[in-house]
Structures are given as structure tokens and as C-alpha cells.
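Enquirer: I am sharing entry_10.txt, which consists of compact mmCIF, C-alpha atoms and all ligand atoms:
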```
# COMPACT_ATOMS: atom_id res chain seq x y z
CA MET Q 1 300.10 108.46 -72.90
CA ALA Q 2 302.03 105.42 -74.14
CA GLY Q 3 301.62 102.13 -72.28
CA ILE Q 4 300.12 98.90 -73.56
CA ALA Q 5 298.29 98.79 -76.89
CA ILE Q 6 296.23 95.99 -78.39
CA VAL Q 7 296.17 95.99 -82.19
CA THR Q 8 293.69 93.48 -83.54
CA GLY Q 9 294.67 92.10 -86.93
CA GLY Q 10 298.20 93.27 -86.27
CA SER Q 11 299.93 90.64 -88.38
CA ARG Q 12 299.64 92.39 -91.74
CA GLY Q 13 298.68 95.58 -93.54
CA ILE Q 14 297.41 98.57 -91.57
CA GLY Q 15 297.54 96.62 -88.30
CA ARG Q 16 301.21 95.81 -88.68
CA ALA Q 17 302.10 99.38 -89.65
CA THR Q 18 300.17 100.59 -86.60
CA ALA Q 19 301.89 98.16 -84.22
CA VAL Q 20 305.31 99.27 -85.46
CA LEU Q 21 304.49 102.98 -85.31
CA LEU Q 22 303.10 102.62 -81.79
CA ALA Q 23 306.33 100.88 -80.77
CA GLU Q 24 308.23 103.88 -82.15
CA ARG Q 25 306.01 106.06 -79.95
CA GLY Q 26 306.82 104.00 -76.83
CA TYR Q 27 303.99 101.48 -76.59
CA ASP Q 28 304.32 97.78 -75.85
CA VAL Q 29 301.99 95.92 -78.19
CA VAL Q 30 299.70 92.90 -78.19
CA VAL Q 31 299.67 91.74 -81.80
CA ASN Q 32 296.47 89.84 -82.44
CA TYR Q 33 296.09 87.74 -85.58
CA ASN Q 34 293.65 85.17 -86.91
CA ALA Q 35 295.62 82.62 -88.94
CA ASP Q 36 299.02 83.83 -90.11
CA ALA Q 37 301.33 83.16 -87.14
CA ARG Q 38 304.48 83.76 -89.14
CA ALA Q 39 303.32 87.22 -90.21
CA ALA Q 40 302.37 88.04 -86.61
CA GLU Q 41 305.85 87.03 -85.43
CA GLU Q 42 307.35 89.35 -88.05
CA THR Q 43 305.32 92.19 -86.53
CA VAL Q 44 306.52 91.19 -83.06
CA ALA Q 45 310.13 91.27 -84.26
CA ALA Q 46 309.60 94.72 -85.80
CA VAL Q 47 308.18 96.02 -82.50
CA ASN Q 48 311.07 94.47 -80.56
CA ALA Q 49 313.50 96.19 -82.93
CA HIS Q 50 312.25 99.48 -81.49
CA GLY Q 51 313.05 98.30 -77.98
CA ARG Q 52 309.44 97.59 -77.00
CA GLN Q 53 307.77 94.40 -75.80
CA ALA Q 54 305.32 92.56 -78.01
CA VAL Q 55 303.35 89.34 -77.90
CA ALA Q 56 301.48 87.64 -80.72
CA VAL Q 57 298.07 86.29 -79.73
CA LYS Q 58 296.03 84.11 -82.07
CA GLY Q 59 292.31 84.77 -81.86
CA ASP Q 60 289.18 85.46 -83.88
CA VAL Q 61 287.76 88.79 -82.72
CA GLY Q 62 284.32 87.44 -83.57
CA SER Q 63 284.68 84.85 -80.77
CA GLU Q 64 284.03 86.07 -77.23
CA ALA Q 65 286.35 83.44 -75.74
CA ASP Q 66 289.15 84.48 -78.06
CA VAL Q 67 288.64 88.17 -77.23
CA LEU Q 68 288.92 87.39 -73.51
CA ALA Q 69 292.20 85.56 -74.21
CA ILE Q 70 293.58 88.53 -76.18
CA PHE Q 71 292.84 90.87 -73.27
CA ALA Q 72 294.26 88.42 -70.73
CA ALA Q 73 297.53 88.56 -72.68
CA ALA Q 74 297.46 92.35 -72.45
CA ASP Q 75 296.82 92.17 -68.69
CA ARG Q 76 300.02 90.15 -68.34
CA LEU Q 77 302.00 92.96 -70.02
CA GLY Q 78 300.64 95.81 -67.89
CA ARG Q 79 298.00 98.55 -67.93
CA LEU Q 80 296.05 98.75 -71.15
CA THR Q 81 296.00 102.31 -72.50
CA ALA Q 82 295.11 101.81 -76.18
CA LEU Q 83 292.93 99.58 -78.34
CA VAL Q 84 293.02 99.62 -82.13
CA ASN Q 85 290.00 97.75 -83.51
CA ASN Q 86 291.69 97.04 -86.83
CA ALA Q 87 290.82 93.41 -87.65
CA GLY Q 88 288.40 93.35 -90.53
CA ILE Q 89 287.35 91.29 -93.50
CA VAL Q 90 285.77 91.79 -96.88
CA ASP Q 91 284.54 89.13 -99.30
CA MET Q 92 284.23 88.43 -103.01
CA GLN Q 93 282.61 91.20 -105.02
CA SER Q 94 278.90 90.36 -105.05
CA ARG Q 95 275.38 91.77 -105.22
CA LEU Q 96 273.10 91.30 -102.21
CA ASP Q 97 270.85 88.87 -104.11
CA GLU Q 98 273.87 86.56 -104.51
CA MET Q 99 275.01 86.67 -100.87
CA SER Q 100 274.60 83.71 -98.52
CA ALA Q 101 273.36 84.14 -94.98
CA ALA Q 102 276.65 82.64 -93.79
CA ARG Q 103 278.64 85.35 -95.57
CA ILE Q 104 276.52 88.16 -94.12
CA GLU Q 105 276.67 86.68 -90.62
CA ARG Q 106 280.46 86.30 -90.78
CA MET Q 107 280.95 89.85 -92.08
CA LEU Q 108 278.92 91.37 -89.26
CA ARG Q 109 280.37 89.05 -86.62
CA VAL Q 110 284.00 89.89 -87.40
CA ASN Q 111 283.67 93.58 -88.37
CA VAL Q 112 280.94 94.67 -85.96
CA THR Q 113 280.59 92.19 -83.09
CA GLY Q 114 284.38 91.81 -82.95
CA SER Q 115 284.89 95.55 -82.52
CA PHE Q 116 282.09 95.73 -79.93
CA LEU Q 117 283.51 92.87 -77.84
CA CYS Q 118 287.05 94.26 -77.90
CA ALA Q 119 285.83 97.74 -76.99
CA ARG Q 120 283.76 96.27 -74.16
CA GLU Q 121 286.82 94.61 -72.66
CA ALA Q 122 288.87 97.78 -73.12
CA VAL Q 123 286.23 99.89 -71.34
CA LYS Q 124 286.22 97.45 -68.41
CA ARG Q 125 289.94 98.07 -68.00
CA MET Q 126 290.23 101.78 -68.89
CA SER Q 127 287.09 103.36 -67.44
CA THR Q 128 287.34 105.27 -64.18
CA ARG Q 129 283.91 103.76 -63.47
CA HIS Q 130 285.67 100.41 -63.17
CA GLY Q 131 288.72 101.74 -61.31
CA GLY Q 132 290.75 102.31 -64.47
CA GLN Q 133 292.88 105.31 -65.38
CA GLY Q 134 291.55 106.08 -68.87
CA GLY Q 135 292.70 105.30 -72.37
CA ALA Q 136 291.84 105.63 -76.03
CA ILE Q 137 290.15 103.46 -78.62
CA VAL Q 138 290.43 103.78 -82.40
CA ASN Q 139 288.09 101.87 -84.70
CA LEU Q 140 288.74 101.15 -88.38
CA SER Q 141 285.90 102.33 -90.57
CA SER Q 142 286.16 102.55 -94.36
CA ALA Q 143 285.35 104.98 -97.17
CA ALA Q 144 282.92 102.24 -98.20
CA ALA Q 145 280.66 103.38 -95.33
CA VAL Q 146 280.09 106.59 -97.30
CA LEU Q 147 280.40 105.23 -100.87
CA SER Q 148 277.96 102.36 -100.03
CA GLY Q 149 279.61 99.43 -101.83
CA ALA Q 150 276.70 99.03 -104.25
CA GLY Q 151 277.22 96.05 -106.54
CA GLN Q 152 280.44 95.14 -104.74
CA TYR Q 153 279.97 94.58 -101.01
CA VAL Q 154 277.05 96.31 -99.34
CA ASP Q 155 277.55 93.95 -96.39
CA TYR Q 156 281.07 95.25 -95.80
CA ALA Q 157 280.03 98.89 -96.32
CA ALA Q 158 277.13 98.51 -93.89
CA SER Q 159 279.40 96.88 -91.31
CA LYS Q 160 281.64 99.95 -91.51
CA GLY Q 161 278.61 102.24 -91.30
CA ALA Q 162 277.84 100.48 -88.03
CA ILE Q 163 281.38 101.26 -86.89
CA ASP Q 164 280.84 104.98 -87.57
CA VAL Q 165 277.72 105.09 -85.39
CA PHE Q 166 279.29 102.88 -82.73
CA THR Q 167 282.27 105.22 -82.55
CA LEU Q 168 280.12 108.25 -81.78
CA GLY Q 169 277.83 106.40 -79.39
CA LEU Q 170 280.58 104.80 -77.37
CA ALA Q 171 282.58 108.04 -77.34
CA ARG Q 172 279.65 109.82 -75.68
CA GLU Q 173 278.96 106.89 -73.37
CA VAL Q 174 282.43 106.84 -71.82
CA ALA Q 175 283.62 110.42 -72.38
CA ALA Q 176 283.36 111.29 -68.69
CA GLU Q 177 285.23 108.13 -67.71
CA GLY Q 178 288.62 109.03 -69.17
CA ILE Q 179 288.23 107.24 -72.50
CA ARG Q 180 288.26 108.79 -75.97
CA VAL Q 181 286.84 106.83 -78.91
CA ASN Q 182 287.57 107.78 -82.51
CA ALA Q 183 287.76 106.14 -85.92
CA VAL Q 184 289.75 106.42 -89.10
CA ARG Q 185 288.09 105.94 -92.47
CA PRO Q 186 290.73 104.75 -94.96
CA GLY Q 187 290.27 104.97 -98.70
CA ILE Q 188 292.24 102.76 -101.09
CA ILE Q 189 295.27 101.52 -99.16
CA ASP Q 190 297.92 99.20 -100.53
CA THR Q 191 297.40 96.03 -98.48
CA GLU Q 192 296.49 92.40 -99.19
CA ILE Q 193 292.78 92.94 -98.38
CA HIS Q 194 291.93 93.64 -102.03
CA ALA Q 195 292.83 90.06 -102.99
CA SER Q 196 289.91 88.80 -100.88
CA ILE Q 197 287.48 90.79 -103.05
CA GLY Q 198 288.80 88.75 -105.97
CA GLN Q 199 290.68 91.77 -107.37
CA PRO Q 200 294.37 91.53 -106.39
CA ASP Q 201 295.18 94.24 -108.99
CA ARG Q 202 292.36 96.56 -107.82
CA VAL Q 203 294.73 99.22 -106.52
CA ALA Q 204 296.55 99.52 -109.85
CA GLN Q 205 293.23 99.63 -111.73
CA ILE Q 206 291.71 102.40 -109.62
CA ARG Q 207 294.87 104.48 -109.05
CA ASP Q 208 294.29 107.00 -111.86
CA GLN Q 209 290.74 107.70 -110.61
CA LEU Q 210 291.98 108.73 -107.17
CA PRO Q 211 292.33 112.47 -106.45
CA MET Q 212 296.04 112.21 -105.60
CA LYS Q 213 296.64 109.68 -108.41
CA ARG Q 214 297.98 107.20 -105.88
CA GLU Q 215 296.78 104.85 -103.16
CA GLY Q 216 297.57 105.42 -99.51
CA THR Q 217 300.11 103.43 -97.55
CA ALA Q 218 299.43 101.48 -94.40
CA ARG Q 219 301.89 103.78 -92.67
CA GLU Q 220 299.81 106.83 -93.60
CA VAL Q 221 296.74 105.27 -91.96
CA ALA Q 222 298.82 104.26 -88.93
CA GLN Q 223 299.91 107.88 -88.49
CA ALA Q 224 296.28 108.98 -88.21
CA ILE Q 225 295.56 106.18 -85.73
CA ALA Q 226 298.60 107.02 -83.60
CA TRP Q 227 297.57 110.68 -83.53
CA GLN Q 228 294.03 109.82 -82.43
CA LEU Q 229 295.47 107.70 -79.63
CA SER Q 230 297.93 110.38 -78.53
CA ASP Q 231 297.57 113.21 -76.04
CA GLU Q 232 297.80 115.61 -79.01
CA ALA Q 233 294.23 114.52 -79.76
CA SER Q 234 293.12 115.08 -76.15
CA TYR Q 235 289.91 116.93 -77.12
CA THR Q 236 289.20 114.85 -80.24
CA ASN Q 237 286.40 112.45 -79.42
CA GLY Q 238 283.69 110.68 -81.41
CA THR Q 239 285.36 111.70 -84.67
CA VAL Q 240 285.72 109.73 -87.90
CA LEU Q 241 288.80 110.96 -89.74
CA ASN Q 242 288.95 110.38 -93.50
CA VAL Q 243 292.33 109.08 -94.67
CA THR Q 244 291.30 108.83 -98.29
CA GLY Q 245 293.51 111.29 -100.16
CA GLY Q 246 290.38 113.35 -100.73
CA ARG Q 247 288.29 110.63 -102.37
P1 LIG Q 301 294.59 92.93 -94.34
O1 LIG Q 301 295.87 93.33 -94.97
O2 LIG Q 301 293.70 91.95 -95.04
O3 LIG Q 301 294.89 92.41 -92.86
C1 LIG Q 301 293.80 92.00 -92.07
C2 LIG Q 301 294.30 91.67 -90.68
O4 LIG Q 301 293.18 91.31 -89.89
C3 LIG Q 301 295.25 90.50 -90.65
O5 LIG Q 301 296.19 90.75 -89.60
C4 LIG Q 301 294.35 89.33 -90.30
O6 LIG Q 301 295.00 88.28 -89.61
C5 LIG Q 301 293.38 90.01 -89.36
N1 LIG Q 301 292.09 89.33 -89.23
C6 LIG Q 301 291.23 88.97 -90.21
N2 LIG Q 301 290.14 88.38 -89.67
C7 LIG Q 301 290.33 88.36 -88.33
C8 LIG Q 301 289.58 87.88 -87.24
N3 LIG Q 301 288.39 87.28 -87.40
N4 LIG Q 301 290.10 88.02 -85.98
C9 LIG Q 301 291.31 88.62 -85.80
N5 LIG Q 301 292.06 89.09 -86.80
C10 LIG Q 301 291.59 88.97 -88.05
O7 LIG Q 301 293.65 94.21 -94.07
P2 LIG Q 301 293.99 95.79 -94.08
O8 LIG Q 301 293.83 96.28 -95.46
O9 LIG Q 301 295.23 96.07 -93.33
O10 LIG Q 301 292.70 96.34 -93.29
C11 LIG Q 301 292.74 96.63 -91.90
C12 LIG Q 301 291.44 97.35 -91.55
O11 LIG Q 301 291.32 98.53 -92.34
C13 LIG Q 301 290.18 96.53 -91.80
O12 LIG Q 301 289.24 96.77 -90.78
C14 LIG Q 301 289.68 97.07 -93.13
O13 LIG Q 301 288.28 96.90 -93.29
C15 LIG Q 301 290.08 98.52 -93.01
N6 LIG Q 301 290.19 99.20 -94.31
C16 LIG Q 301 291.15 98.84 -95.22
C17 LIG Q 301 291.21 99.50 -96.44
C18 LIG Q 301 292.24 99.17 -97.50
O14 LIG Q 301 292.16 99.69 -98.64
N7 LIG Q 301 293.24 98.32 -97.22
C19 LIG Q 301 290.31 100.52 -96.74
C20 LIG Q 301 289.34 100.85 -95.79
C21 LIG Q 301 289.29 100.19 -94.58
P3 LIG Q 301 295.74 87.03 -90.39
O15 LIG Q 301 297.03 87.61 -90.93
O16 LIG Q 301 296.00 86.02 -89.34
O17 LIG Q 301 294.79 86.60 -91.45
```
As C-alpha cells, how would this structure be written, given the file I've shared?

Expert:
Amino acid sequence: MAGIAIVTGGSRGIGRATAVLLAERGYDVVVNYNADARAAEETVAAVNAHGRQAVAVKGDVGSEADVLAIFAAADRLGRLTALVNNAGIVDMQSRLDEMSAARIERMLRVNVTGSFLCAREAVKRMSTRHGGQGGAIVNLSSAAAVLSGAGQYVDYAASKGAIDVFTLGLAREVAAEGIRVNAVRPGIIDTEIHASIGQPDRVAQIRDQLPMKREGTAREVAQAIAWQLSDEASYTNGTVLNVTGGR
């Protein structure tokens, strides 16, 4: 089932790779971004290069008004069939006793509330309960949800733990309404997110400790997301798929 996909945080990294792969699979794509308009336009151009429509929409997923604007842009393209809750943040490596309330609030607002609000709007459009024709949602978890982030970012890890539980709960809530909800749990993936932990060379440092002796690519995560969205995953629901190279 191709159609219209929203990819939050589609301007860079895993989000961009997902937007481009979905275009290859026949989707038109709403490319949400937070700040980097130029990067978002590069994603739009890459989608267009595959003969699909795309629109870049600036918006903070942690803002309800912005989320409504992102979905209004999708409504203008056509019938929403896919949501990828990809936008996510991490912060400087820190212990809990050094974290400000503002940091914790922002982490949960973007990573958790943002995914909830976007999923809510997707359900309103996809659910047969609301006159929709079904669809699929994929949330971005993280290996940190299992590894815990102790001494580094327990706030981030806990936000992704919330995503794991949310994925199963929402999947069961809307399973009879034509919507499947799944998640991918990436390990170490070569994107710019590691710079915001204060460790731009983190991937190179940790590479030899990884089971496959290499990091994953954004494209490899996108392939798992695209599969979860596809009809090939038609009985896969409420699942969190590790894309960690076995870590
Ligand atoms: P990234 O390279 O840092 O890109 C993050 C994307 O999210 C950018 O497009 C950014 O937009 C957007 N974004 C950030 N805050 C936003 C907000 N408040 N509202 C809307 N968009 C926002 O990150 P990534 O590595 O691709 O990670 C993507 C997802 O995978 C995240 O949920 C992350 O937690 C998860 N993940 C990543 C890894 C990894 O190793 N890379 C591992 C596990 C899980 P701008 O360009 O405008 O800033």
C-alpha cells in the first residue's frame, strides 16, 4: 500500500534515507524538519528524482500546533497511508544528577509527546472508526531503551522505552481499525545525532566493539522501516525490530 507518507525529521539521517526509500517504493512524502530548511529541500529533491511528490514542512513535533500543520500539508497531497515517527533528539552525555528540568522536559516532549501527537493525528485519518481506509505507523525506538543509557543519557533511553510500550499499546488499540503500529530499534547508525551527545567521533570509537565490527547505515534502518510499512508485513503488529547488527 503506497500512498502518502509523513516522515518526521526527514531532513537528515535516518529520516532522509527513509523518505528516499519510500519514494523508490512509490510513496509521495511529507518531509518534516525542525530547523534545517536547506537539508529538507535536499530530501525533497531526492524524492522528486524518483518521480514522486514531496513537500518540506517546518515544524517542531513537540508542538501541537506544528503537528496539526504537518498533517494539514499531508491532507493537501492526498490520503495518508504511512507515518514514520522518526524525529528525535539526544543531549550532551550526562548523569541524572547533572540534568536540568528543562533538558528532561524537552527530551520527553520531542521524543515521546511528539510521537504521541503525530500518531494521534494519523489514527484520526487512517482508522476505519473515523471513516479512514487504514494505514501503518512506524516509531523509532533505540537500542538505548534496552541498554539503559546509564551515565550517558538515561532521559533519552527512558524516552525510547516509552516508545516501545506505546508501540505495543497503540498497535492493540487500533488493530481492528485497519492500522498496524510497529517500531524499529536502531543500534549505532552513522548519522549526525552523535555530535549532539558531544561525541562526533563516537561511531569510530565504538566500531570495534560492535558485533559486526561496523556501524549501520541510515539506509539499512530505512529498509526495516519500509518493510514494516509494507503489505509484506501485513501480520506484523506491535513489534519492535532490532536493527543493531546483533548488539
Ligand atoms: P539526526 O541525524 O540527528 O536527524 C534528526 C532529524 O530530526 C532531523 O531531520 C531534525 O531536523 C529532526 N528533528 C529534531 N528535532 C525535531 C523536532 N523537535 N521536530 C521535528 N523534527 C525534529 O538523527 P538520526 O540519527 O537520523 O535519528 C533519527 C531517529 O532514530 C531518532 O528518533 C533517533 O533517536 C533514532 N535513533 C538513532 C540512532 C543512531 O545511531 N543514529 C540510534 C538509535 C535510534 P533538522 O534537520 O531541522 O534539525

Enquirer: Step by step: start from the point (301.0, 104.7, -96.0) in the file's coordinates, keep every protein, DNA or RNA residue that has an atom no farther than 12 Å from it, count all atoms listed in the file, and write the set as a JSON list (two decimals) with C-alpha atoms, in the coordinates of the input.

Expert:
```json
[["chain", "number", "residue", "atom", "x", "y", "z"],
["Q", 13, "GLY", "CA", 298.68, 95.58, -93.54],
["Q", 14, "ILE", "CA", 297.41, 98.57, -91.57],
["Q", 15, "GLY", "CA", 297.54, 96.62, -88.30],
["Q", 16, "ARG", "CA", 301.21, 95.81, -88.68],
["Q", 17, "ALA", "CA", 302.10, 99.38, -89.65],
["Q", 18, "THR", "CA", 300.17, 100.59, -86.60],
["Q", 21, "LEU", "CA", 304.49, 102.98, -85.31],
["Q", 186, "PRO", "CA", 290.73, 104.75, -94.96],
["Q", 187, "GLY", "CA", 290.27, 104.97, -98.70],
["Q", 188, "ILE", "CA", 292.24, 102.76, -101.09],
["Q", 189, "ILE", "CA", 295.27, 101.52, -99.16],
["Q", 190, "ASP", "CA", 297.92, 99.20, -100.53],
["Q", 191, "THR", "CA", 297.40, 96.03, -98.48],
["Q", 214, "ARG", "CA", 297.98, 107.20, -105.88],
["Q", 215, "GLU", "CA", 296.78, 104.85, -103.16],
["Q", 216, "GLY", "CA", 297.57, 105.42, -99.51],
["Q", 217, "THR", "CA", 300.11, 103.43, -97.55],
["Q", 218, "ALA", "CA", 299.43, 101.48, -94.40],
["Q", 219, "ARG", "CA", 301.89, 103.78, -92.67],
["Q", 220, "GLU", "CA", 299.81, 106.83, -93.60],
["Q", 221, "VAL", "CA", 296.74, 105.27, -91.96],
["Q", 222, "ALA", "CA", 298.82, 104.26, -88.93],
["Q", 223, "GLN", "CA", 299.91, 107.88, -88.49],
["Q", 224, "ALA", "CA", 296.28, 108.98, -88.21],
["Q", 225, "ILE", "CA", 295.56, 106.18, -85.73],
["Q", 243, "VAL", "CA", 292.33, 109.08, -94.67],
["Q", 244, "THR", "CA", 291.30, 108.83, -98.29],
["Q", 245, "GLY", "CA", 293.51, 111.29, -100.16]]
```

Enquirer: I want to know what sits within 9 Å of Gly114 (chain Q), based on all atoms listed in the file, with residues of the same chain fewer than 2 positions away left out; could you give that as a list of chain:residue names?

Expert: Q:Asp60, Q:Val61, Q:Gly62, Q:Ser63, Q:Glu64, Q:Val67, Q:Asn85, Q:Ala87, Q:Gly88, Q:Leu108, Q:Arg109, Q:Val110, Q:Asn111, Q:Val112, Q:Phe116, Q:Leu117, Q:Cys118, Q:Ala119

Enquirer: Do you have the CA of Met1 (chain Q)-CA of Thr81 (chain Q) distance handy?

Expert: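 Separating CA of Met1 (chain Q) from CA of Thr81 (chain Q) is a distance of 7.4 Å.
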
Enquirer: Show me the residues close to (299.8, 89.0, -82.5) - anything with an atom within 6 Å, counting only C-alpha atoms - and format the list as an NGL selection string.

Expert: :Q and (10 or 30-33 or 40 or 55-57)

Enquirer: Which one of Q:Phe71, Q:Phe166, Q:Trp227, Q:Tyr153 sits closest to Ser196 (chain Q) if you count all atoms listed in the file?

Expert: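 So, comparing all the options, the nearest one is Q:Tyr153.
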
Enquirer: List as a ChimeraX atom specification the protein and nucleic acid residues near Arg247 (chain Q), meaning an atom at most 9 Å away when all atoms listed in the file are counted, but skip any in the same chain fewer than 5 places from it.

Expert: /Q:143,187-188,210-212,242

Enquirer: Contacts of Leu170 (chain Q) at 12 Å or less, counting all atoms listed in the file, minus same-chain residues fewer than 2 places along, as a PyMOL selection string?

Expert: chain Q and resi 115-116+119-120+122-123+127+136-139+162-168+172-177+179-183+237-239

Enquirer: Restricting the output to C-alpha atoms, write the selected residues as a short mmCIF file (atom, residue, chain, number, x, y, z; two decimals), in the frame of the given file.

Expert:
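Okay, this is what ended up in result_20.cif:
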```
data_model
loop_
_atom_site.label_atom_id
_atom_site.label_comp_id
_atom_site.auth_asym_id
_atom_site.auth_seq_id
_atom_site.Cartn_x
_atom_site.Cartn_y
_atom_site.Cartn_z
CA SER Q 115 284.89 95.55 -82.52
CA PHE Q 116 282.09 95.73 -79.93
CA ALA Q 119 285.83 97.74 -76.99
CA ARG Q 120 283.76 96.27 -74.16
CA ALA Q 122 288.87 97.78 -73.12
CA VAL Q 123 286.23 99.89 -71.34
CA SER Q 127 287.09 103.36 -67.44
CA ALA Q 136 291.84 105.63 -76.03
CA ILE Q 137 290.15 103.46 -78.62
CA VAL Q 138 290.43 103.78 -82.40
CA ASN Q 139 288.09 101.87 -84.70
CA ALA Q 162 277.84 100.48 -88.03
CA ILE Q 163 281.38 101.26 -86.89
CA ASP Q 164 280.84 104.98 -87.57
CA VAL Q 165 277.72 105.09 -85.39
CA PHE Q 166 279.29 102.88 -82.73
CA THR Q 167 282.27 105.22 -82.55
CA LEU Q 168 280.12 108.25 -81.78
CA ARG Q 172 279.65 109.82 -75.68
CA GLU Q 173 278.96 106.89 -73.37
CA VAL Q 174 282.43 106.84 -71.82
CA ALA Q 175 283.62 110.42 -72.38
CA ALA Q 176 283.36 111.29 -68.69
CA GLU Q 177 285.23 108.13 -67.71
CA ILE Q 179 288.23 107.24 -72.50
CA ARG Q 180 288.26 108.79 -75.97
CA VAL Q 181 286.84 106.83 -78.91
CA ASN Q 182 287.57 107.78 -82.51
CA ALA Q 183 287.76 106.14 -85.92
CA ASN Q 237 286.40 112.45 -79.42
CA GLY Q 238 283.69 110.68 -81.41
CA THR Q 239 285.36 111.70 -84.67
#
```

Enquirer: Quick one: pull the distance between atom C4 of ligand LIG 301 (chain Q) and CA of Val29 (chain Q), Å, one decimal.

Expert: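 So the two atoms, atom C4 of ligand LIG 301 (chain Q) and CA of Val29 (chain Q), lie 15.8 Å apart.
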
Enquirer: Given the choices Q:Ala5, Q:Ile193, Q:Ala102, Q:Ala19, which gets closest to ligand LIG 301 (chain Q) if the distance is worked out from all atoms listed in the file?

Expert: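 Closest residue, counting all atoms listed in the file: Q:Ile193.
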
Enquirer: When you count only C-alpha atoms, which of these residues is closest to Leu22 (chain Q): Q:Ala101, Q:Leu147, Q:Ala226, Q:Ala73?

Expert: Q:Ala226

Enquirer: Work out how far apart CA of Arg38 (chain Q) and atom O1 of ligand LIG 301 (chain Q) are and give it in Å to one decimal.

Expert: 14.1 Å

Enquirer: Please determine, counting all atoms listed in the file, which residue among Q:His50, Q:Arg76, Q:His130, Q:Arg106 has the shortest atom-to-atom distance to ligand LIG 301 (chain Q).

Expert: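 Residue with the minimum atom-to-atom distance to ligand LIG 301 (chain Q): Q:Arg106.
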
Enquirer: Using all atoms listed in the file, which residue out of Q:Ala144, Q:Val240, Q:Ala74, Q:Ala171 lies closest to ligand LIG 301 (chain Q)?

Expert: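 For ligand LIG 301 (chain Q), the nearest of the given residues is Q:Ala144.
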
Enquirer: Which residue out of Q:Leu80, Q:Val184, Q:Ala54, Q:Val20 has the minimum interatomic distance to ligand LIG 301 (chain Q) when all atoms listed in the file are used?

Expert: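 Counting all atoms listed in the file, the residue closest to ligand LIG 301 (chain Q) is Q:Val184.
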
Enquirer: Write out as a PyMOL selection string each polymer residue whose atoms come within 12 Å of Met99 (chain Q), counting only C-alpha atoms; drop sequence neighbours fewer than 6 positions from it.

Expert: chain Q and resi 91-93+105-107+151-156

Enquirer: Just save region 29-35 of chain Q with all heavy atoms, as a PDB file, in the first residue's frame.

Expert:
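Now in out_12.pdb:
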```
ATOM      1  N   VAL Q  29       5.788  12.022  -0.317  1.00  0.00           N
ATOM      2  CA  VAL Q  29       6.318  12.158   1.047  1.00  0.00           C
ATOM      3  C   VAL Q  29       6.220  13.594   1.574  1.00  0.00           C
ATOM      4  O   VAL Q  29       6.618  14.546   0.897  1.00  0.00           O
ATOM      5  CB  VAL Q  29       7.807  11.723   1.104  1.00  0.00           C
ATOM      6  CG1 VAL Q  29       8.296  11.702   2.558  1.00  0.00           C
ATOM      7  CG2 VAL Q  29       8.012  10.343   0.478  1.00  0.00           C
ATOM      8  N   VAL Q  30       5.702  13.717   2.789  1.00  0.00           N
ATOM      9  CA  VAL Q  30       5.807  14.964   3.546  1.00  0.00           C
ATOM     10  C   VAL Q  30       7.084  14.873   4.373  1.00  0.00           C
ATOM     11  O   VAL Q  30       7.214  13.980   5.209  1.00  0.00           O
ATOM     12  CB  VAL Q  30       4.589  15.173   4.466  1.00  0.00           C
ATOM     13  CG1 VAL Q  30       4.796  16.401   5.350  1.00  0.00           C
ATOM     14  CG2 VAL Q  30       3.315  15.304   3.639  1.00  0.00           C
ATOM     15  N   VAL Q  31       8.001  15.796   4.088  1.00  0.00           N
ATOM     16  CA  VAL Q  31       9.305  15.805   4.750  1.00  0.00           C
ATOM     17  C   VAL Q  31       9.280  16.867   5.844  1.00  0.00           C
ATOM     18  O   VAL Q  31       9.442  18.060   5.587  1.00  0.00           O
ATOM     19  CB  VAL Q  31      10.434  16.109   3.737  1.00  0.00           C
ATOM     20  CG1 VAL Q  31      11.793  16.155   4.439  1.00  0.00           C
ATOM     21  CG2 VAL Q  31      10.439  15.093   2.603  1.00  0.00           C
ATOM     22  N   ASN Q  32       9.041  16.433   7.061  1.00  0.00           N
ATOM     23  CA  ASN Q  32       9.065  17.381   8.180  1.00  0.00           C
ATOM     24  C   ASN Q  32      10.508  17.627   8.628  1.00  0.00           C
ATOM     25  O   ASN Q  32      11.348  16.738   8.554  1.00  0.00           O
ATOM     26  CB  ASN Q  32       8.231  16.827   9.338  1.00  0.00           C
ATOM     27  CG  ASN Q  32       8.612  17.436  10.681  1.00  0.00           C
ATOM     28  OD1 ASN Q  32       9.184  16.753  11.529  1.00  0.00           O
ATOM     29  ND2 ASN Q  32       8.329  18.698  10.878  1.00  0.00           N
ATOM     30  N   TYR Q  33      10.762  18.839   9.086  1.00  0.00           N
ATOM     31  CA  TYR Q  33      12.063  19.161   9.669  1.00  0.00           C
ATOM     32  C   TYR Q  33      11.846  20.208  10.744  1.00  0.00           C
ATOM     33  O   TYR Q  33      10.760  20.802  10.837  1.00  0.00           O
ATOM     34  CB  TYR Q  33      13.039  19.686   8.598  1.00  0.00           C
ATOM     35  CG  TYR Q  33      12.646  21.031   8.022  1.00  0.00           C
ATOM     36  CD1 TYR Q  33      13.291  22.194   8.437  1.00  0.00           C
ATOM     37  CD2 TYR Q  33      11.614  21.139   7.102  1.00  0.00           C
ATOM     38  CE1 TYR Q  33      12.929  23.424   7.928  1.00  0.00           C
ATOM     39  CE2 TYR Q  33      11.240  22.373   6.590  1.00  0.00           C
ATOM     40  CZ  TYR Q  33      11.899  23.517   7.012  1.00  0.00           C
ATOM     41  OH  TYR Q  33      11.518  24.735   6.520  1.00  0.00           O
ATOM     42  N   ASN Q  34      12.885  20.456  11.544  1.00  0.00           N
ATOM     43  CA  ASN Q  34      12.745  21.405  12.649  1.00  0.00           C
ATOM     44  C   ASN Q  34      13.429  22.727  12.354  1.00  0.00           C
ATOM     45  O   ASN Q  34      12.876  23.779  12.622  1.00  0.00           O
ATOM     46  CB  ASN Q  34      13.324  20.814  13.933  1.00  0.00           C
ATOM     47  CG  ASN Q  34      13.044  21.670  15.137  1.00  0.00           C
ATOM     48  OD1 ASN Q  34      11.934  22.177  15.298  1.00  0.00           O
ATOM     49  ND2 ASN Q  34      14.030  21.846  15.981  1.00  0.00           N
ATOM     50  N   ALA Q  35      14.632  22.698  11.802  1.00  0.00           N
ATOM     51  CA  ALA Q  35      15.418  23.922  11.631  1.00  0.00           C
ATOM     52  C   ALA Q  35      16.113  24.013  10.280  1.00  0.00           C
ATOM     53  O   ALA Q  35      16.239  25.105   9.714  1.00  0.00           O
ATOM     54  CB  ALA Q  35      16.464  24.009  12.749  1.00  0.00           C
TER      55      ALA Q  35
END
```
